[in-house]
$ cat structure.txt   # compact mmCIF, C-alpha atoms (C1' of nucleotides)
# COMPACT_ATOMS: atom_id res chain seq x y z
CA MET A 150 -20.30 20.01 0.34
CA ASN A 151 -19.59 23.26 -1.42
CA MET A 152 -20.32 25.42 1.57
CA LEU A 153 -17.46 23.74 3.40
CA LYS A 154 -14.97 24.94 0.87
CA ASP A 155 -14.47 28.41 2.25
CA SER A 156 -13.33 28.14 5.83
CA CYS A 157 -12.52 25.41 8.31
CA PRO A 158 -15.25 24.64 10.86
CA GLU A 159 -12.51 23.93 13.43
CA CYS A 160 -10.21 26.90 13.14
CA ARG A 161 -11.75 29.07 10.40
CA ALA A 162 -8.59 29.02 8.31
CA THR A 163 -8.82 28.77 4.55
CA LEU A 164 -9.54 25.39 3.01
CA VAL A 165 -7.57 24.01 0.13
CA ASP A 166 -8.39 21.20 -2.27
CA ASP A 167 -5.87 18.42 -2.03
CA ILE A 168 -6.17 16.97 -5.49
CA GLN A 169 -3.69 14.25 -4.58
CA ASN A 170 -6.21 12.53 -2.42
CA GLY A 171 -9.38 14.12 -3.59
CA GLU A 172 -9.77 15.78 -0.23
CA THR A 173 -10.43 19.23 1.05
CA ILE A 174 -7.96 20.09 3.76
CA CYS A 175 -7.64 23.00 6.17
CA SER A 176 -4.50 25.01 5.59
CA GLY A 177 -4.37 25.91 9.25
CA CYS A 178 -4.96 22.78 11.27
CA GLY A 179 -4.62 20.18 8.53
CA VAL A 180 -7.97 18.59 9.24
CA VAL A 181 -9.63 16.82 6.34
CA VAL A 182 -12.96 18.53 5.91
CA ALA A 183 -14.43 16.75 2.94
CA ASP A 184 -13.07 13.49 1.71
CA GLN A 185 -14.43 14.00 -1.74
CA ILE A 186 -14.19 17.19 -3.69
CA ALA A 187 -17.69 18.13 -4.74
CA ASP A 188 -18.91 16.77 -8.01
CA ASN A 189 -21.73 18.80 -9.44
CA GLY A 190 -22.60 16.42 -12.22
CA PRO A 191 -25.89 14.59 -12.54
CA GLU A 192 -26.60 12.54 -9.45
CA SER A 193 -27.54 9.34 -11.16
CA LEU A 194 -25.10 6.71 -9.97
CA ASN A 195 -27.28 3.67 -9.61
CA SER A 196 -30.68 4.97 -10.50
CA SER A 197 -33.02 3.71 -13.15
CA MET A 198 -33.26 5.23 -16.58
CA GLU A 199 -36.38 7.02 -15.46
CA ASP A 200 -34.59 8.69 -12.57
CA LYS A 201 -31.74 9.61 -14.83
CA MET A 202 -34.18 11.38 -17.09
CA LYS A 203 -35.67 13.31 -14.21
CA LEU A 204 -32.27 14.38 -12.96
CA ALA A 205 -30.71 15.02 -16.34
CA ARG A 206 -29.51 18.51 -16.81
CA ALA A 207 -27.86 20.31 -19.65
CA THR A 208 -24.34 20.86 -18.39
CA GLY A 209 -23.01 22.63 -21.44
CA HIS A 210 -19.93 20.46 -21.67
CA THR A 211 -19.01 17.09 -23.07
CA THR A 212 -17.54 14.25 -21.10
CA TYR A 213 -15.03 11.60 -22.10
CA SER A 214 -16.37 9.20 -19.54
CA GLN A 215 -19.51 8.34 -21.45
CA HIS A 216 -19.28 6.31 -24.57
CA ASP A 217 -21.15 8.94 -26.61
CA LEU A 218 -19.33 11.86 -24.92
CA GLY A 219 -22.58 12.65 -23.14
CA ILE A 220 -24.01 14.56 -26.04
CA THR A 221 -27.07 12.58 -27.06
CA THR A 222 -30.51 14.04 -26.90
CA GLU A 223 -32.80 12.13 -24.63
CA ILE A 224 -36.52 11.93 -25.15
CA SER A 225 -38.35 13.20 -22.10
CA ILE A 226 -40.66 10.94 -20.12
CA SER A 227 -42.99 13.77 -19.25
CA THR A 228 -46.66 13.53 -20.22
CA LYS A 229 -46.82 17.27 -20.79
CA ASP A 230 -45.52 19.20 -23.73
CA TYR A 231 -43.22 22.23 -23.65
CA SER A 232 -46.13 24.59 -22.94
CA GLY A 233 -47.40 22.44 -20.12
CA ASN A 234 -50.38 21.00 -21.99
CA THR A 235 -51.09 17.29 -21.54
CA ILE A 236 -50.10 15.15 -24.50
CA ASN A 237 -52.67 12.66 -25.72
CA ASN A 238 -52.15 8.96 -25.10
CA GLN A 239 -51.32 8.02 -28.66
CA VAL A 240 -48.44 10.46 -28.81
CA VAL A 241 -47.19 9.29 -25.42
CA ARG A 242 -47.12 5.69 -26.69
CA GLN A 243 -45.29 6.82 -29.80
CA MET A 244 -42.71 8.63 -27.74
CA ASN A 245 -42.20 5.60 -25.52
CA ASN A 246 -41.45 3.52 -28.57
CA LEU A 247 -39.12 6.16 -29.92
CA ARG A 248 -37.29 6.27 -26.61
CA LYS A 249 -36.92 2.51 -26.53
CA TRP A 250 -35.44 2.43 -30.00
CA GLN A 251 -33.21 5.37 -29.34
CA GLN A 252 -31.73 3.45 -26.42
CA ARG A 253 -31.13 0.43 -28.63
CA VAL A 254 -29.55 2.48 -31.38
CA ARG A 255 -27.48 4.54 -28.99
CA VAL A 256 -25.28 1.65 -27.91
CA SER A 257 -25.62 -0.38 -31.05
CA THR A 258 -22.12 -1.26 -32.20
CA SER A 259 -19.84 -3.59 -30.31
CA ARG A 260 -17.38 -0.77 -29.81
CA GLU A 261 -20.02 1.36 -28.16
CA ARG A 262 -21.15 -1.51 -25.99
CA ARG A 263 -17.55 -2.05 -24.91
CA LEU A 264 -16.98 1.63 -24.18
CA SER A 265 -20.22 1.82 -22.29
CA ASN A 266 -19.28 -1.23 -20.24
CA VAL A 267 -15.78 0.02 -19.46
CA PHE A 268 -16.92 3.52 -18.55
CA THR A 269 -19.59 2.15 -16.24
CA LYS A 270 -16.93 0.14 -14.39
CA MET A 271 -14.62 3.13 -14.40
CA ASN A 272 -17.31 5.35 -12.97
CA GLU A 273 -18.09 2.92 -10.16
CA ALA A 274 -14.45 2.42 -9.27
CA CYS A 275 -13.69 6.15 -9.25
CA ASN A 276 -16.69 6.80 -7.03
CA HIS A 277 -15.68 4.14 -4.55
CA LEU A 278 -12.10 5.39 -4.52
CA HIS A 279 -13.28 8.97 -3.95
CA LEU A 280 -11.33 10.09 -6.97
CA PRO A 281 -11.99 13.59 -8.24
CA LYS A 282 -13.78 14.01 -11.55
CA ASN A 283 -10.67 15.08 -13.42
CA VAL A 284 -9.04 11.72 -12.76
CA GLN A 285 -12.05 9.88 -14.11
CA GLU A 286 -12.11 12.06 -17.20
CA THR A 287 -8.38 11.54 -17.71
CA ALA A 288 -8.79 7.79 -17.36
CA ALA A 289 -11.58 7.81 -19.91
CA MET A 290 -9.48 9.87 -22.29
CA ILE A 291 -6.55 7.48 -21.88
CA TYR A 292 -8.82 4.55 -22.65
CA ARG A 293 -10.09 6.27 -25.77
CA ASN A 294 -6.53 6.94 -26.85
CA LEU A 295 -5.71 3.25 -26.56
CA GLU A 296 -7.79 2.52 -29.62
CA GLY A 297 -5.52 1.96 -32.53
CA HIS A 298 -2.45 1.69 -30.32
CA VAL A 299 -3.05 -1.10 -27.88
CA GLU A 300 -5.27 -4.07 -28.55
CA VAL A 301 -7.89 -4.25 -25.80
CA LYS A 302 -10.00 -7.06 -27.16
CA GLY A 303 -9.51 -10.31 -25.33
CA LYS A 304 -7.90 -8.61 -22.38
CA SER A 305 -9.43 -8.46 -18.94
CA VAL A 306 -11.77 -5.49 -18.84
CA VAL A 307 -11.19 -5.04 -15.13
CA SER A 308 -7.43 -4.98 -15.45
CA ILE A 309 -7.37 -2.69 -18.47
CA THR A 310 -9.73 -0.30 -16.73
CA ALA A 311 -7.63 -0.42 -13.56
CA ALA A 312 -4.51 0.28 -15.60
CA THR A 313 -6.03 3.38 -17.19
CA ILE A 314 -7.29 4.66 -13.83
CA TYR A 315 -3.82 4.05 -12.37
CA MET A 316 -2.24 6.01 -15.19
CA ALA A 317 -4.77 8.80 -14.81
CA CYS A 318 -3.98 9.01 -11.10
CA LYS A 319 -0.30 9.43 -11.86
CA GLN A 320 -1.01 12.11 -14.42
CA CYS A 321 -3.26 13.97 -11.99
CA ASP A 322 -0.81 13.65 -9.08
CA VAL A 323 -3.06 11.36 -7.08
CA VAL A 324 -1.34 8.62 -5.13
CA LYS A 325 -3.24 5.38 -5.52
CA SER A 326 -1.66 1.97 -5.76
CA MET A 327 -2.78 -0.56 -8.30
CA GLU A 328 -3.92 -2.78 -5.47
CA GLU A 329 -6.15 -0.10 -4.01
CA ILE A 330 -7.78 0.39 -7.38
CA CYS A 331 -8.25 -3.32 -8.05
CA LYS A 332 -9.69 -3.86 -4.57
CA GLN A 333 -12.65 -1.75 -5.60
CA MET A 334 -13.17 -3.56 -8.84
CA CYS A 335 -13.06 -7.29 -8.25
CA GLU A 336 -13.78 -10.17 -5.90
CA GLN A 337 -11.46 -10.80 -2.98
CA LYS A 338 -9.87 -13.87 -4.50
CA GLU A 339 -9.25 -12.13 -7.83
CA ILE A 340 -7.49 -9.07 -6.47
CA LYS A 341 -4.00 -10.49 -6.62
CA SER A 342 -4.11 -11.82 -10.15
CA LYS A 343 -6.02 -8.83 -11.55
CA THR A 344 -3.60 -6.41 -9.88
CA LYS A 345 -0.68 -8.21 -11.41
CA LEU A 346 -2.31 -8.25 -14.81
CA ALA A 347 -3.22 -4.57 -14.53
CA GLY A 348 0.41 -3.79 -13.79
CA LYS A 349 1.45 -5.68 -16.88
CA TYR A 350 -1.10 -3.82 -19.00
CA TYR A 351 0.00 -0.53 -17.49
CA ARG A 352 3.59 -1.15 -18.51
CA SER A 353 2.61 -2.16 -22.00
CA ILE A 354 0.41 0.93 -22.34
CA VAL A 355 3.31 3.12 -21.23
CA MET A 356 5.54 1.47 -23.84
CA GLU A 357 3.01 1.41 -26.66
CA MET A 358 1.80 4.94 -26.23
CA GLY A 359 5.30 6.19 -26.87
CA GLN A 360 5.80 7.57 -23.40
CA THR A 361 9.44 7.06 -22.60
CA THR A 362 9.07 7.96 -18.96
CA ALA A 363 6.15 7.05 -16.78
CA PRO A 364 5.23 9.79 -14.35
CA ILE A 365 7.12 9.26 -11.13
CA VAL A 366 5.39 9.46 -7.80
CA THR A 367 7.75 11.23 -5.45
CA MET A 368 8.45 10.31 -1.87
CA ASP A 369 6.71 13.35 -0.42
CA LYS A 370 3.42 12.22 -1.94
CA TYR A 371 3.69 8.89 -0.17
CA ILE A 372 4.48 10.63 3.08
CA SER A 373 1.57 13.04 2.73
CA LYS A 374 -0.76 10.21 1.90
CA ILE A 375 0.18 8.06 4.86
CA SER A 376 0.14 10.95 7.27
CA ASN A 377 -3.28 12.02 6.03
CA MET A 378 -4.57 8.50 6.59
CA THR A 379 -3.23 8.34 10.14
CA GLN A 380 -4.32 11.84 11.19
CA THR A 381 -0.72 12.67 11.89
CA ASP A 382 0.28 15.88 13.61
CA VAL A 383 1.18 18.31 10.81
CA ARG A 384 4.52 19.00 12.52
CA VAL A 385 5.41 15.33 12.24
CA GLU A 386 4.48 15.33 8.58
CA ARG A 387 6.55 18.44 7.93
CA LEU A 388 9.57 16.98 9.70
CA ALA A 389 9.21 13.70 7.82
CA LEU A 390 9.10 15.61 4.55
CA GLU A 391 12.14 17.59 5.62
CA ILE A 392 14.18 14.52 6.46
CA ALA A 393 13.08 12.88 3.23
CA GLN A 394 14.14 15.97 1.31
CA LYS A 395 17.58 15.99 2.94
CA THR A 396 18.14 12.31 2.32
CA LYS A 397 16.66 12.02 -1.11
CA ASP A 398 19.98 11.83 -2.95
CA SER A 399 21.17 8.87 -0.96
CA SER A 400 20.76 5.30 -2.05
CA ILE A 401 18.57 4.11 0.81
CA ALA A 402 15.51 4.07 -1.45
CA ASP A 403 17.06 1.93 -4.15
CA GLY A 404 15.00 -1.13 -4.80
CA LYS A 405 12.99 -0.65 -1.65
CA ALA A 406 9.26 -0.32 -1.38
CA PRO A 407 8.58 3.43 -1.30
CA ASN A 408 5.67 3.15 1.11
CA GLY A 409 7.95 1.35 3.56
CA ILE A 410 10.45 4.18 3.41
CA ALA A 411 7.74 6.82 3.71
CA ALA A 412 6.39 4.99 6.75
CA ALA A 413 9.87 4.95 8.28
CA TYR A 414 10.35 8.69 7.70
CA LEU A 415 7.07 9.34 9.45
CA TYR A 416 7.98 7.07 12.31
CA VAL A 417 11.40 8.66 12.78
CA ALA A 418 9.82 12.11 12.66
CA SER A 419 7.20 11.18 15.23
CA VAL A 420 9.86 9.84 17.63
CA LEU A 421 12.02 12.93 17.16
CA LEU A 422 9.07 15.11 18.08
CA GLY A 423 8.08 12.93 21.00
CA GLN A 424 4.79 12.03 19.37
CA ASN A 425 5.45 8.30 19.63
CA MET A 426 3.19 7.00 16.91
CA LEU A 427 2.94 3.25 17.02
CA GLN A 428 4.79 1.19 14.44
CA ARG A 429 1.73 -1.00 14.25
CA ASP A 430 -0.55 1.88 13.27
CA ILE A 431 1.77 3.27 10.63
CA SER A 432 2.53 -0.12 9.16
CA SER A 433 -1.12 -1.10 8.81
CA VAL A 434 -1.94 2.13 7.01
CA ALA A 435 1.19 2.06 4.85
CA GLY A 436 0.59 -1.55 3.88
CA VAL A 437 3.96 -2.86 5.11
CA THR A 438 4.98 -4.77 8.20
CA GLU A 439 6.56 -3.36 11.32
CA VAL A 440 9.75 -5.20 10.47
CA THR A 441 10.04 -3.28 7.22
CA ILE A 442 9.59 0.01 9.07
CA ARG A 443 12.29 -1.02 11.54
CA ASN A 444 14.68 -1.95 8.76
CA ARG A 445 14.11 1.28 6.88
CA CYS A 446 14.55 3.22 10.11
CA LYS A 447 17.86 1.49 10.60
CA ASP A 448 18.89 2.45 7.07
CA ILE A 449 17.95 6.08 7.61
CA LEU A 450 19.59 6.34 11.01
CA THR A 451 22.82 4.58 10.15
CA LYS A 452 23.20 6.42 6.89
CA TYR A 453 22.80 9.78 8.48
CA LYS A 454 24.34 8.97 11.80
CA LEU A 455 21.28 10.30 13.54
CA LYS A 456 21.84 9.24 17.09
CA ILE A 457 18.39 8.95 18.51
CA ALA A 458 16.99 6.23 20.63
CA LEU A 459 14.03 4.70 18.88
CA ARG A 460 12.66 3.37 22.11
CA PRO A 461 10.55 6.28 23.37
CA SER A 462 11.21 5.54 26.99
CA LEU A 463 14.94 5.77 26.41
CA ALA A 464 14.63 8.96 24.40
CA LYS A 465 13.40 10.77 27.49
CA GLN A 466 16.50 9.97 29.49
C1' DA B 241 14.41 -22.30 -14.11
C1' DT B 242 17.53 -19.62 -11.35
C1' DG B 243 19.76 -16.74 -8.24
C1' DG B 244 19.87 -12.41 -5.87
C1' DT B 245 17.25 -9.13 -3.24
C1' DT B 246 13.48 -7.55 -0.43
C1' DT B 247 9.53 -8.34 2.44
C1' DT B 248 6.79 -11.07 5.44
C1' DT B 249 6.01 -14.34 9.01
C1' DA B 250 6.74 -16.03 13.34
C1' DC B 251 9.16 -16.06 17.19
C1' DT B 252 12.20 -14.23 20.86
C1' DG B 253 13.72 -11.31 24.82
C1' DC B 254 13.87 -6.74 26.95
C1' DG B 255 12.14 -2.67 29.37
C1' DT B 256 8.29 -0.08 30.96
C1' DC B 257 3.87 0.78 32.94
C1' DG C 296 1.07 -9.52 32.88
C1' DA C 297 0.23 -6.56 28.83
C1' DC C 298 2.31 -3.68 25.62
C1' DG C 299 5.59 -1.72 22.40
C1' DC C 300 9.91 -2.30 20.59
C1' DG C 301 14.24 -4.46 18.54
C1' DG C 302 16.19 -8.33 16.71
C1' DT C 303 16.59 -12.76 13.98
C1' DA C 304 15.92 -16.88 10.92
C1' DA C 305 13.40 -18.89 7.55
C1' DA C 306 9.87 -18.64 4.14
C1' DA C 307 7.71 -16.20 0.59
C1' DA C 308 7.51 -12.88 -2.95
C1' DC C 309 9.56 -10.37 -6.44
C1' DC C 310 12.51 -9.40 -10.37
C1' DA C 311 15.91 -9.73 -13.99
C1' DT C 312 18.18 -12.91 -16.78

$ encode --input "structure.txt" --output "structure tokens"
Amino acid sequence: MNMLKDSCPECRATLVDDIQNGETICSGCGVVVADQIADNGPESLNSSMEDKMKLARATGHTTYSQHDLGITTEISISTKDYSGNTINNQVVRQMNNLRKWQQRVRVSTSRERRLSNVFTKMNEACNHLHLPKNVQETAAMIYRNLEGHVEVKGKSVVSITAATIYMACKQCDVVKSMEEICKQMCEQKEIKSKTKLAGKYYRSIVMEMGQTTAPIVTMDKYISKISNMTQTDVRVERLALEIAQKTKDSSIADGKAPNGIAAAYLYVASVLLGQNMLQRDISSVAGVTEVTIRNRCKDILTKYKLKIALRPSLAKQ
DNA sequence: ATGGTTTTTACTGCGTC
DNA sequence: GACGCGGTAAAAACCAT
């Protein structure tokens, strides 16, 4: 993955990391080269303890996303000593016992078990969502900071975890909806309720942690996100951003779903440039219906007296 | 609970290819 | 005739009170 970071295989322009979406994007042609910014940590997602041991490496830094900050010493499983000489069987047995007990002691208290559980879920969710490492670390740090401020016992682990990831995304300028996060964490039938609950927890965390203002995701982030997901022509994206910028002080966004408005900006921009993206495609990616896009388009066009024919065939005349 | 607002659903007709 | 679009009414969802 790292070798892709320097220049685009398509046009050889410089690549930039888009931390919003955890992607690496070409500054020239806008193509998404790598959908996950390289993570050089231990590659031990679902492996056994034994594999973890083999792959373990001293990284020289601590991590918030492990319950013990990732600083424990682990007893090697090798049957050779430091100098390469074979260890006799009795010592090997002793070391196996030691290792077993170390594991038991390591996550001994209920708090540690809880942290371990939460961070495992967090890790899985962040991997599935292709979130960069900094988001995961931020989420873990937020969760740690909850202790003493917000009571987590008795609350849904999934929803609390989702809420912290959501907050971490906002802090790291990554656009991810609560629903997207919850989709990766629970069964189909639970998504709705858990998402709702996570939203509730998120608000209470914001209140309790003394943050008067939650970070605000701006319109341009929504637009960039949707256009990245639809492989939109960069010119369309730029125009959409431009229109959004010019109309941002108006009241068309009040009380409306931001992704619907972002979708409408993109649609209007695509029509203006003769790109004719389909309402259906944009709406499915943006998570709104075509009707919503049409209504937001109407708002934008009437408000700004932009006289363009939305029907592409008419626009040519 | 309620009432106001927004979004979705489901359906319609129109023009174009 | 299929497709994409624009419109509408009613239902559903959401939110503050």

$ atom_distance --input "structure.txt" --atom1 "atom CA of Ile309 of chain A" --atom2 "atom CA of Ile354 of chain A"
9.4 Å

$ interface_residues --input "structure.txt" --of "chain C" --to "chain A" --cutoff "10 Å" --atoms "all atoms listed in the file" --output "list in words"
DG299, DC300, DG301 and DG302 of chain C

$ residues_around --input "structure.txt" --residues "DA311 of chain C" --least-positions-apart "2" --cutoff "10 Å" --atoms "all atoms listed in the file" --output "ChimeraX atom specification"
/B:243-244 /C:309

$ interface_residues --input "structure.txt" --of "chain A" --to "chain B" --cutoff "8 Å" --atoms "all atoms listed in the file" --output "number ranges by chain"
A: 404-405, 438, 441, 462

$ atom_distance --input "structure.txt" --atom1 "atom CA of His216 of chain A" --atom2 "atom CA of Leu264 of chain A"
5.2 Å

$ atom_distance --input "structure.txt" --atom1 "atom CA of Ala413 of chain A" --atom2 "atom CA of Ile442 of chain A"
5.0 Å

$ closest_residue --input "structure.txt" --among "A:Thr451, A:Ser342, A:Ser419, A:Ser225" --to "Arg384 of chain A" --atoms "all atoms listed in the file"
A:Ser419
